[in-house]
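This report concerns only the one structure given below.
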Amino acid sequence: MSGKSQQDARYLAAARTHGAMIERLARGYEADPELRRDLVQEIHAALWRSFAIFAGQCAEKSWVHRIAHNVGVTHMMTGRRRRKLPLVGLEQIDELPGGDDPEHSAGNSTLSARLLATIHRLAPADRQVMLLYLEDLTAAEIGEVTGLSASAVAVRIHRLKVLLAEPYRTEEKRA
Amino acid sequence: MNPDPAKQAWQRSVVGGGPPPLEEVRKGANKFYRYIKWRNLIEYAACVVVVVTFTSYIFVLPNVLQKIGSGLVILGTFYVAWQLHRRASAEPPEKAGTMPILQFAKTQMIRQRDALRAIFWWYLLPFVPGMVLIVTGTWIGERESGPEWFDAIGGAVMVAIFVGVWWLNQLGARKLQRHIVEIDALIGESQ
């Protein structure tokens with residue numbers, strides 16, 4: 001198999017495996033549907049190019065996440081749109097936004113919308129951790145993708161667990 | 001199935017998303033390189049403008065110091081263009097896979113910070129000898145015909161522009177340094 005067709009084959013396999021994750025990640029970095037389509041294309045383009053130099057430097061999953069998040073962060077930081085709220089760290093968020101109606105908060109669509117609203121408020125490093133955590137990566141994998149120290153990952157995952165358990169605690173209190 | 005309801009809800013929010021057509025991906029992959037080519041073209045065009053202008057000065061300006069100065073400005077322009085490529089070119093996004101995200105960002109920031117910190121040596125200084133000779137030649141040639149204060153103001157404006165460019169770049173370097181320190185804290189490295 002020639003270098004180019006091998007690159008194509010490896011890209012296609014990775015894109016099939018991680019395609020949905022890339023779409024979700026793009027939602028975490030871009031709220032506007034039109035711009036999000038561009039972002040998804042940009043991620044796929046970088047991913048395809050990357051398979052020309054991928055030689056097992058890390059797990060393929062980490063490789064794909066690194067490429068995708070890097071494109072996402074660059075997109076987010078170079079975007080010229082005015083933000084309604086400043087970006088914050090996880091420690092500054094006490095509860096998932098829009099949780100006034102606990103009756104509906106357990107529904108998947110509402111919960112994912114609240115998660116998305118939280119993600120959009122986060123500064124890059126915390127946003128990456130939250131997205132990777134929701135994609136079910138382990139703490140070690142999150143460290144491998146982001147480069148965060150083990151303690152920094154542990155602190156953030158702890159905060160996330162507390163934050164994500166909050167709607168259910170509120171519901172229990174009311175019941 | 002993941003028992004965590006938040007992870008479940010998130011992963012169910014988008015379940016499709018196969019690869020786009022390969023032709024489209026290949027076309028998009030060249031976007032970054034098209035941008036780089038376009039940026040290089042602008043730089044080359046700016047160089048051509050400077051070289052053409054100062055080459056004409058060599059023939060038009062009367063004083064020998066002005067002629068030598070114009071030649072030095074042309075040499076300085078080539079040096080700056082080369083340094084711009086060497087120091088300030090962006091890493092292509094596909095390289096991001098080779099190291100963790102924060103490490104990749106830090107490497108790029110360090111490169112940019114060092115380029116900004118050293119801006120005097122590679123961006124400003126190469127023009128100084130040529131400009132000094134041109135100004136001196138002008139001053140000598142027009143000493144008797146024109147008012148000296150006019151030359152002094154011209155020189156002062158030039159110095160102010162150089163200092164302003166240097167100062168703005170130092171501010172940029174300091175801002176990058178703050179980001180680098182933040183990244184170091186996150187990845188558990190001290191400066």
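Chain identifiers are assigned as A, B, and so on, following the order in which chains appear in the structure tokens; residues are numbered from 1 within each chain, and ligands are numbered from 1 in order of appearance.
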- stretch 116-133 of chain B: which residues within 7 Å, counting only C-alpha atoms, same-chain residues fewer than 6 positions away excluded, as an MDAnalysis selection string? chainID B and resid 65:66 69:70 72:73 76 80 83 162 166 169:170 173
- Message: Could you work out which residues of chain A fall inside 6 Å of chain B? Count only C-alpha atoms, and format the result as a list in words.
- Response: Ala15, Arg16, Gly19, Ala20, Ala45, Ala46, Arg49, Ser50, Trp63, Arg66, Ile67, Asn108, Ser112, Leu134, Val145, Thr146, Gly147, Leu148 and Ser149 of chain A
Can I get the selection written as a short mmCIF file (atom, residue, chain, number, x, y, z; two decimals), in the first residue's frame, with C-alpha atoms?
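The result, written out as again.cif:
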data_model
loop_
_atom_site.label_atom_id
_atom_site.label_comp_id
_atom_site.auth_asym_id
_atom_site.auth_seq_id
_atom_site.Cartn_x
_atom_site.Cartn_y
_atom_site.Cartn_z
CA ALA A 15 -12.77 9.10 11.49
CA ARG A 16 -15.31 6.27 11.59
CA GLY A 19 -16.55 10.80 14.13
CA ALA A 20 -19.31 11.25 16.71
CA ALA A 45 -8.48 18.06 7.61
CA ALA A 46 -5.89 18.25 10.39
CA ARG A 49 -2.81 15.34 7.45
CA SER A 50 -1.69 14.01 10.83
CA TRP A 63 -3.60 11.33 19.04
CA ARG A 66 -4.96 16.00 20.80
CA ILE A 67 -5.43 17.02 17.18
CA ASN A 108 -31.03 13.37 28.44
CA SER A 112 -26.85 17.51 27.65
CA LEU A 134 -17.69 13.17 29.38
CA VAL A 145 -4.03 14.16 25.96
CA THR A 146 -3.81 17.49 27.78
CA GLY A 147 -0.42 17.31 29.48
CA LEU A 148 -2.00 18.35 32.80
CA SER A 149 -0.25 16.97 35.87
#
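Going from atom CA of A:Val129 over to atom CA of B:Asp114, you cover 29.3 Å.
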- Provide the atom CA of A:Lys61 to atom CA of A:His18 distance in Å, to one decimal place.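 Between these atoms lies a distance of 8.2 Å.
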- Out of stretch 19-162 of chain A, which residues get alpha helix (DSSP H) from DSSP, as a ChimeraX atom specification? /A:19-29,33-50,60-78,102-105,108-121,124-134,139-146,150-162
